[in-house]
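Down below is the structure, laid out as structure tokens.
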Amino acid sequence: MRQLVTLRWIAVAGQFVTILFARFGLGFDLPLVPMMAALAAAVGLNLASMPLYGWRKGANIQLLLALLFDVGLLTTQLYLAGGATNPFISLYLLHVVLGAVLLDRWSSWAIVAVTAACFGVLTLYYRPLILPPDYSGEYFLLYTIGSLLCFMLIATLLMLFMTRITGNLRARDTRLADLRQQAAEEDHIVRMGLLASGAAHELGTPLASIAVILADWRRMPTLAQDADLQAEIVEMQSEVQRCKAIVTGILLSAGEARGEAPEIMPLHQLLDGIVDEWRAVHPSVDFDYTTRVGDDPQVVSDPALKQVIANVLDNAAEASPHWVAFRGERTDGDLALIVRDRGPGFSDERLASFGKPYQSSKREPGHGLGLFLAVNVMRKLGGGVSVVNCEGGGAEVTIRMPLSAIALS
């Protein structure tokens, strides 16, 4: 509809200039009042069509009626200006082509039938176009010039229209390809989530059994006398507790075992908690942490967001074991979380395939899923993830999302 409205504006302007030039420049006797009234009707239809942009219900009928109106407008102007003897009679072909491109098959043939009928009627009924005395005997020359102008007009309008329609189709195909890719990635995430949830359930029982056995060992008189062995048992118990916490986190992320209400806290407290947990697991990494969150709004603690940040920090620590920087800041209603490292950076191949599963420089099974999950979680929250290589070495990953996605309204 937008393309038709644009073409109709061009047609109105072209007809307005042509009518005035033929009447006052060449001296043709044209009925200005009814011809201008037809142009005014076209302007009114354009203004009435604008609210229909993007309205898909009954689109074929709307386009058909709009094209039929244009055919009627052209027929009216030709009837008042010589009928089939007017060289601009070929403009009917423009409507036929537009109908073939925009309409369903039956509607396209309806346009063909209507234009053919109008052409036939104009060969019998029309207001004769009488040449001014100065142009008597030069009808063929004027008709040839008019036919040339009509051809140039049709060719130009078709080129503009087809170019824009082709661009729209390409944009649509690109969008559909992106949606198919997104659907495939989301299906991949669902399958991974089911696998992780099932594994978490299966691991719960052996972890509980190990915890019970370790507790019994600590109470055994024989083992209680060995201080070194007792220290190792305590360390094993803490690791088992950590494994159980990870399993619980997986189940929470999968939507299970949610017996507690969502935790609400200030934004800086959420980020500080994520950093403290990560520092406890990576005590040997020199961690540079800064945060600027402004008025510090209340947010809902999201396990998925925590996991995303932890995954990106883990990747940075693997690339740069001695130094990692993490910065949180707010800009124009968005929350930006920037992770920087001093590692080798990303290769051109990795940058081109960033966010796709199993694309990792470590070449080990399962790697590459951290950034893949980060990209998809941020997409669900209305944000995104970007990555660049820094000039002095290393890489910078930016997680950006609207703060409203986690803020407590």
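If you're wondering about the labels, chains in the structure tokens are A, B, ... by order shown, residues count from 1 in each chain, ligands from 1 in order shown.
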Report task. Report the residues of segment 216-357 of chain A whose backbone DSSP state falls under strand (DSSP E), written as a ChimeraX atom specification. Result -> /A:264-266,286-292,298-300,323-331,334-341
DSSP helix (DSSP H, G or I) residues within segment 237-328 of chain A, as a compact mmCIF listing (two decimals) with N, CA and C atoms, in the first residue's frame:
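Wrote states39.txt, looks like this:
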```txt
# COMPACT_ATOMS: atom_id res chain seq x y z
N GLN A 237 34.15 -32.02 51.47
CA GLN A 237 32.78 -31.67 51.80
C GLN A 237 32.39 -30.31 51.21
N SER A 238 33.33 -29.34 51.27
CA SER A 238 33.03 -28.01 50.69
C SER A 238 32.84 -28.10 49.18
N GLU A 239 33.63 -28.97 48.52
CA GLU A 239 33.48 -29.13 47.07
C GLU A 239 32.16 -29.82 46.73
N VAL A 240 31.76 -30.79 47.57
CA VAL A 240 30.46 -31.43 47.34
C VAL A 240 29.34 -30.43 47.52
N GLN A 241 29.46 -29.56 48.55
CA GLN A 241 28.45 -28.53 48.74
C GLN A 241 28.40 -27.58 47.55
N ARG A 242 29.57 -27.27 47.00
CA ARG A 242 29.60 -26.41 45.81
C ARG A 242 28.91 -27.09 44.63
N CYS A 243 29.17 -28.39 44.46
CA CYS A 243 28.50 -29.13 43.37
C CYS A 243 26.99 -29.14 43.56
N LYS A 244 26.55 -29.32 44.81
CA LYS A 244 25.11 -29.31 45.07
C LYS A 244 24.51 -27.94 44.78
N ALA A 245 25.27 -26.87 45.09
CA ALA A 245 24.77 -25.52 44.79
C ALA A 245 24.66 -25.30 43.29
N ILE A 246 25.62 -25.84 42.54
CA ILE A 246 25.56 -25.71 41.08
C ILE A 246 24.36 -26.46 40.53
N VAL A 247 24.12 -27.67 41.06
CA VAL A 247 22.96 -28.46 40.61
C VAL A 247 21.67 -27.72 40.94
N THR A 248 21.60 -27.13 42.14
CA THR A 248 20.40 -26.36 42.50
C THR A 248 20.21 -25.17 41.57
N GLY A 249 21.32 -24.50 41.22
CA GLY A 249 21.24 -23.38 40.29
C GLY A 249 20.74 -23.79 38.92
N ILE A 250 21.17 -24.98 38.46
CA ILE A 250 20.71 -25.47 37.16
C ILE A 250 19.20 -25.72 37.20
N LEU A 251 18.74 -26.34 38.28
CA LEU A 251 17.31 -26.60 38.40
C LEU A 251 16.50 -25.30 38.49
N LEU A 252 17.04 -24.31 39.20
CA LEU A 252 16.35 -23.03 39.29
C LEU A 252 16.28 -22.37 37.92
N SER A 253 17.37 -22.40 37.17
CA SER A 253 17.38 -21.81 35.83
C SER A 253 16.43 -22.52 34.91
N LEU A 267 20.66 -2.83 42.47
CA LEU A 267 21.45 -3.30 41.33
C LEU A 267 22.90 -3.51 41.71
N HIS A 268 23.48 -2.58 42.50
CA HIS A 268 24.90 -2.75 42.86
C HIS A 268 25.10 -3.99 43.72
N GLN A 269 24.11 -4.32 44.56
CA GLN A 269 24.22 -5.52 45.39
C GLN A 269 24.19 -6.78 44.54
N LEU A 270 23.35 -6.78 43.48
CA LEU A 270 23.32 -7.93 42.58
C LEU A 270 24.68 -8.12 41.91
N LEU A 271 25.26 -7.03 41.41
CA LEU A 271 26.56 -7.14 40.74
C LEU A 271 27.65 -7.51 41.73
N ASP A 272 27.61 -6.91 42.92
CA ASP A 272 28.62 -7.24 43.94
C ASP A 272 28.54 -8.71 44.32
N GLY A 273 27.32 -9.24 44.44
CA GLY A 273 27.18 -10.66 44.80
C GLY A 273 27.74 -11.58 43.73
N ILE A 274 27.49 -11.24 42.46
CA ILE A 274 28.03 -12.05 41.37
C ILE A 274 29.55 -12.01 41.40
N VAL A 275 30.11 -10.82 41.63
CA VAL A 275 31.57 -10.67 41.67
C VAL A 275 32.16 -11.44 42.85
N ASP A 276 31.54 -11.34 44.01
CA ASP A 276 32.07 -12.04 45.19
C ASP A 276 32.08 -13.55 44.97
N GLU A 277 31.00 -14.09 44.39
CA GLU A 277 30.96 -15.52 44.13
C GLU A 277 32.04 -15.92 43.13
N TRP A 278 32.25 -15.09 42.12
CA TRP A 278 33.25 -15.44 41.11
C TRP A 278 34.66 -15.33 41.68
N ARG A 279 34.89 -14.30 42.50
CA ARG A 279 36.22 -14.16 43.12
C ARG A 279 36.56 -15.33 44.02
N ALA A 280 35.55 -15.86 44.70
CA ALA A 280 35.80 -16.99 45.61
C ALA A 280 36.28 -18.21 44.85
N VAL A 281 35.81 -18.38 43.62
CA VAL A 281 36.21 -19.53 42.81
C VAL A 281 37.53 -19.27 42.08
N PRO A 303 18.68 -15.75 37.88
CA PRO A 303 19.75 -16.75 37.78
C PRO A 303 20.38 -16.82 36.40
N ALA A 304 19.57 -16.61 35.35
CA ALA A 304 20.12 -16.66 33.99
C ALA A 304 21.13 -15.55 33.78
N LEU A 305 20.83 -14.34 34.27
CA LEU A 305 21.77 -13.23 34.12
C LEU A 305 23.06 -13.51 34.89
N LYS A 306 22.92 -14.06 36.10
CA LYS A 306 24.11 -14.42 36.87
C LYS A 306 24.98 -15.42 36.12
N GLN A 307 24.33 -16.41 35.52
CA GLN A 307 25.08 -17.43 34.80
C GLN A 307 25.77 -16.85 33.57
N VAL A 308 25.10 -15.92 32.89
CA VAL A 308 25.70 -15.28 31.71
C VAL A 308 26.96 -14.54 32.09
N ILE A 309 26.87 -13.70 33.15
CA ILE A 309 28.04 -12.94 33.58
C ILE A 309 29.17 -13.86 34.02
N ALA A 310 28.82 -14.91 34.77
CA ALA A 310 29.84 -15.85 35.23
C ALA A 310 30.51 -16.55 34.05
N ASN A 311 29.75 -16.92 33.03
CA ASN A 311 30.33 -17.59 31.86
C ASN A 311 31.30 -16.67 31.14
N VAL A 312 30.91 -15.40 30.96
CA VAL A 312 31.79 -14.47 30.26
C VAL A 312 33.06 -14.23 31.08
N LEU A 313 32.93 -14.09 32.40
CA LEU A 313 34.12 -13.92 33.25
C LEU A 313 35.00 -15.16 33.20
N ASP A 314 34.39 -16.35 33.19
CA ASP A 314 35.19 -17.58 33.09
C ASP A 314 35.98 -17.61 31.79
N ASN A 315 35.34 -17.24 30.69
CA ASN A 315 36.05 -17.21 29.40
C ASN A 315 37.21 -16.23 29.45
N ALA A 316 36.98 -15.06 30.06
CA ALA A 316 38.05 -14.07 30.15
C ALA A 316 39.21 -14.59 31.00
N ALA A 317 38.88 -15.28 32.11
CA ALA A 317 39.93 -15.81 32.97
C ALA A 317 40.73 -16.91 32.27
N GLU A 318 40.08 -17.71 31.45
CA GLU A 318 40.81 -18.74 30.72
C GLU A 318 41.75 -18.12 29.69
N ALA A 319 41.33 -17.01 29.05
CA ALA A 319 42.20 -16.34 28.08
C ALA A 319 43.27 -15.50 28.75
```
Query - Which of A:Leu94, A:Leu45, A:Leu223, A:Met35 sits closest to Arg23 of chain A [using only C-alpha atoms] - result: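 Result for the nearest residue to Arg23 of chain A: A:Met35.
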Query raised in the report: Restricting the calculation to only C-alpha atoms, which member of A:Ala84, A:Ala116, A:Val234, A:Thr156 is positioned closest to Ala211 of chain A?
Result: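 The shortest atom-to-atom distance to Ala211 of chain A comes from A:Val234.
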Query raised in the report: Given the choices A:Ala11, A:Leu103, A:Leu47, A:Val97, which gets closest to Gln62 of chain A if the distance is worked out from only C-alpha atoms?
Result: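 Distance minimum relative to Gln62 of chain A lands on A:Leu103.
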Report task. With a distance cut-off of 9 Å and only C-alpha atoms, select the neighbouring residues of Gly294 of chain A, excluding the residue or stretch itself and same-chain residues fewer than 3 positions from it, and output the selection as number ranges by chain. Result -> A: 297, 329-330
Requested in this report: For atom CA of Leu149 of chain A and atom CA of Pro133 of chain A, quote the distance in Å rounded to one decimal.
Outcome: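 Going from atom CA of Leu149 of chain A over to atom CA of Pro133 of chain A covers 22.9 Å.
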**Report entry** For Ala325 of chain A: contacts at 8 Å, only C-alpha atoms, fewer than 4 positions along chain excluded, given as a list in words
**Finding:**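 Within the cut-off, the hits are Phe287, Asp288, Tyr289, Ile338, Val339, Arg340 and Asp341 of chain A.
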Query raised in the report: Can you list, as a list in words, every protein, DNA or RNA residue that comes within 12 Å of Asp332 of chain A when you count only C-alpha atoms, leaving out same-chain residues fewer than 5 positions away?
Result: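 Result of the neighbour search: Val293, Gly294, Arg400, Met401, Pro402, Leu403 and Ser404 of chain A.
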Do you have, as CSV, the list of residues of segment 69-130 of chain A lying at most 12 Å from segment 157-173 of chain A, each with its nearest atom pair and that distance in Å to one decimal, counting only C-alpha atoms and ordered by chain then number?
```
residue,atom,partner,partner_atom,distance
A:Leu91,CA,A:Leu157,CA,10.5
A:Leu93,CA,A:Leu158,CA,10.2
A:Leu94,CA,A:Leu158,CA,7.3
A:His95,CA,A:Leu158,CA,10.1
A:Val96,CA,A:Leu158,CA,11.2
A:Val97,CA,A:Leu158,CA,8.3
A:Leu98,CA,A:Leu158,CA,8.4
A:Ala100,CA,A:Met162,CA,11.6
A:Val101,CA,A:Met162,CA,8.7
A:Leu102,CA,A:Ile165,CA,9.2
```
Requested in this report: In Å, rounded to a single decimal, give me how far atom CA of Ile111 of chain A is from atom CA of Gly99 of chain A.
Outcome: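 Taking atom CA of Gly99 of chain A as the start and atom CA of Ile111 of chain A as the end point, the length is 6.5 Å.
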Query raised in the report: What is the distance between atom CA of Asn86 of chain A and atom CA of Glu138 of chain A, in Å to one decimal?
Result: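 Taking atom CA of Asn86 of chain A and atom CA of Glu138 of chain A, their separation equals 14.2 Å.
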